[in-house]
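Colleague: Below is the structure I would like to discuss, written out as structure tokens.
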Amino acid sequence: MEAIVGGDTLLGRVISRLKPVCSEIIVVTRQDQIGAITLSRFAVDVTSDAVPDRGPLGGLHTGLERSKTDLNIAVACDMPFINAGLLTYLVGLAQGWDIVAPRVNGLTEQLHTVYSKRCGSIAGQLIKLGKSRVADLFGVVRTRFVEEPELRKYDPELMSFFNINTEADLNRARTLIGWEELAGGKPQRAAV
């Protein structure tokens with residue numbers, strides 16, 4: 001059963017937040033999970049990893065190879081506060097870069113990141129070399145890092161990078177979504 005947050009499945013909420021920014025949405029998952037994804041209300045492409053068991057790099061490779069656009073946004077399915085304005089800004093920075101990646105708390109965000117389609121074939125080459133980490137791409141392509149002060153102009157609390165890994169995270173997200181709805185759709189920070 002998919003987690004429900006803010007009256008929608010977590011994946012449904014992510015897709016709804018991407019719709020204003022993306023001309024196509026591709027959901028990449030493991031082959032054994034395709035039947036569990038219910039997205040009939042969305043016009044999205046659901047596919048399985050072209051190269052199974054290669055983790056996030058395999059998923060990114062599949063999505064980029066399948067994409068019809070030169071610039072692509074990769075996000076995780078457990079990020080309920082994706083910020084369309086921030087994503088639009090990151091896409092606007094992509095001229096001349098293969099990756100535009102936020103850096104939060106000194107760590108590079110591999111998802112909520114912009115990738116050129118060219119990264120798909122390079123990811124495929126890395127997979128052939130036995131690699132499975134998206135971070136392996138960062139050192140071999142032109143990468144533009146976007147630091148916190150720049151990110152905070154569009155997402156002051158950096159909620160875009162909140163993801164759900166535990167039941168406590170899920171409960172916190174539900175509380176934050178409640179505050180967001182009370183504030184008229186603007187993300188708010190709540191003490192949880």
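Chain labels follow the order of the structure tokens: the first chain is A, the next B, and so on; residue numbering restarts at 1 in every chain, and ligands are counted from 1 in their shown order.
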Show me, as a ChimeraX atom specification, the residues that have an atom within 10 Å of segment 118-125 of chain A when counting only C-alpha atoms, minus same-chain residues fewer than 3 positions from it.
Modeller: /A:50-51,57-67,70-72,98-99,115,128-134,136-138,140-142
Colleague: Those same residues, written as a compact mmCIF listing (two decimals), in the first residue's frame with N, CA and C atoms?
Modeller:
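And here's part-v9.txt as it stands now:
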# COMPACT_ATOMS: atom_id res chain seq x y z
N ALA A 50 16.24 -0.52 -17.29
CA ALA A 50 16.76 -1.21 -18.48
C ALA A 50 17.87 -2.19 -18.10
N VAL A 51 18.63 -1.82 -17.09
CA VAL A 51 19.69 -2.69 -16.56
C VAL A 51 19.35 -2.91 -15.08
N LEU A 57 21.74 4.81 -10.27
CA LEU A 57 22.38 5.10 -11.57
C LEU A 57 21.65 4.37 -12.69
N GLY A 58 21.22 3.15 -12.43
CA GLY A 58 20.46 2.40 -13.42
C GLY A 58 19.12 3.06 -13.73
N GLY A 59 18.45 3.55 -12.69
CA GLY A 59 17.18 4.24 -12.89
C GLY A 59 17.36 5.53 -13.67
N LEU A 60 18.41 6.28 -13.33
CA LEU A 60 18.69 7.53 -14.05
C LEU A 60 19.02 7.24 -15.51
N HIS A 61 19.84 6.23 -15.74
CA HIS A 61 20.20 5.83 -17.11
C HIS A 61 18.94 5.51 -17.91
N THR A 62 18.06 4.71 -17.34
CA THR A 62 16.82 4.32 -18.03
C THR A 62 15.97 5.54 -18.36
N GLY A 63 15.77 6.42 -17.37
CA GLY A 63 14.94 7.60 -17.59
C GLY A 63 15.51 8.53 -18.64
N LEU A 64 16.81 8.76 -18.59
CA LEU A 64 17.43 9.67 -19.56
C LEU A 64 17.43 9.08 -20.97
N GLU A 65 17.67 7.80 -21.08
CA GLU A 65 17.65 7.16 -22.40
C GLU A 65 16.24 7.19 -23.00
N ARG A 66 15.23 7.11 -22.17
CA ARG A 66 13.84 7.07 -22.63
C ARG A 66 13.28 8.48 -22.91
N SER A 67 13.88 9.48 -22.29
CA SER A 67 13.40 10.85 -22.39
C SER A 67 13.50 11.38 -23.82
N ASP A 70 16.11 17.33 -23.98
CA ASP A 70 17.53 17.47 -23.70
C ASP A 70 17.81 17.70 -22.22
N LEU A 71 16.96 18.48 -21.56
CA LEU A 71 17.12 18.72 -20.13
C LEU A 71 16.08 17.93 -19.36
N ASN A 72 16.52 17.30 -18.29
CA ASN A 72 15.65 16.41 -17.54
C ASN A 72 15.85 16.63 -16.04
N ASP A 98 26.12 19.79 -17.99
CA ASP A 98 25.44 18.49 -18.11
C ASP A 98 24.60 18.19 -16.88
N ILE A 99 25.04 18.71 -15.73
CA ILE A 99 24.30 18.51 -14.48
C ILE A 99 24.25 19.85 -13.75
N TYR A 115 19.64 17.04 -15.31
CA TYR A 115 20.62 16.27 -16.08
C TYR A 115 20.37 16.48 -17.57
N LYS A 128 28.46 -0.23 -17.30
CA LYS A 128 29.29 -1.29 -17.89
C LYS A 128 30.61 -1.47 -17.14
N LEU A 129 31.05 -0.40 -16.46
CA LEU A 129 32.28 -0.47 -15.67
C LEU A 129 32.01 -0.96 -14.24
N GLY A 130 30.76 -1.34 -13.98
CA GLY A 130 30.40 -1.87 -12.67
C GLY A 130 29.96 -0.82 -11.66
N LYS A 131 29.74 0.40 -12.09
CA LYS A 131 29.32 1.48 -11.18
C LYS A 131 27.81 1.45 -10.99
N SER A 132 27.36 1.93 -9.81
CA SER A 132 25.92 2.00 -9.58
C SER A 132 25.51 3.27 -8.83
N ARG A 133 26.46 4.16 -8.58
CA ARG A 133 26.15 5.40 -7.85
C ARG A 133 26.02 6.57 -8.82
N VAL A 134 24.98 7.36 -8.64
CA VAL A 134 24.79 8.55 -9.46
C VAL A 134 25.97 9.50 -9.27
N ASP A 136 28.94 8.98 -9.28
CA ASP A 136 30.03 8.68 -10.22
C ASP A 136 29.96 9.54 -11.48
N LEU A 137 28.78 10.04 -11.80
CA LEU A 137 28.61 10.92 -12.97
C LEU A 137 29.22 12.30 -12.75
N PHE A 138 29.18 12.78 -11.52
CA PHE A 138 29.55 14.17 -11.23
C PHE A 138 30.98 14.50 -11.61
N VAL A 140 32.71 13.19 -14.12
CA VAL A 140 33.07 12.95 -15.52
C VAL A 140 32.29 13.81 -16.52
N VAL A 141 31.40 14.66 -16.02
CA VAL A 141 30.65 15.57 -16.90
C VAL A 141 30.73 16.98 -16.32
N ARG A 142 30.31 17.95 -17.13
CA ARG A 142 30.32 19.35 -16.68
C ARG A 142 29.19 19.54 -15.66
Colleague: What is the distance, in Å and to one decimal place, between atom CA of Gln110 of chain A and atom CA of Arg54 of chain A?
Modeller: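 If I compute the distance from atom CA of Gln110 of chain A to atom CA of Arg54 of chain A, I get 15.2 Å.
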Colleague: Would you give me, as a ChimeraX atom specification, the residues in segment 6-172 of chain A that DSSP reads as strand (DSSP E or B)?
Modeller: /A:8-9,26-29,45-48,71-74,99-104,107-108,113-116,143-146
Colleague: Would you give me, as a count of residues only, the residues in segment 125-163 of chain A that DSSP reads as helix (DSSP H, G or I)?
Modeller: 16
Colleague: Using atom CA of Ala135 of chain A and atom CA of Pro56 of chain A as the two end points, give the distance in Å to one decimal.
Modeller: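 Distance between the two atoms: 9.6 Å.
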Colleague: Pick out the residues sitting within 10 Å of segment 105-108 of chain A, and hand them over as a count of residues only; count only C-alpha atoms, and ignore anything fewer than 2 positions along from it in its own chain.
Modeller: 12
Colleague: Would you please work out which residue, of A:Leu126, A:Val91, A:Ile164, A:Ile177, is nearest to Arg144 of chain A when using only C-alpha atoms?
Modeller: A:Val91
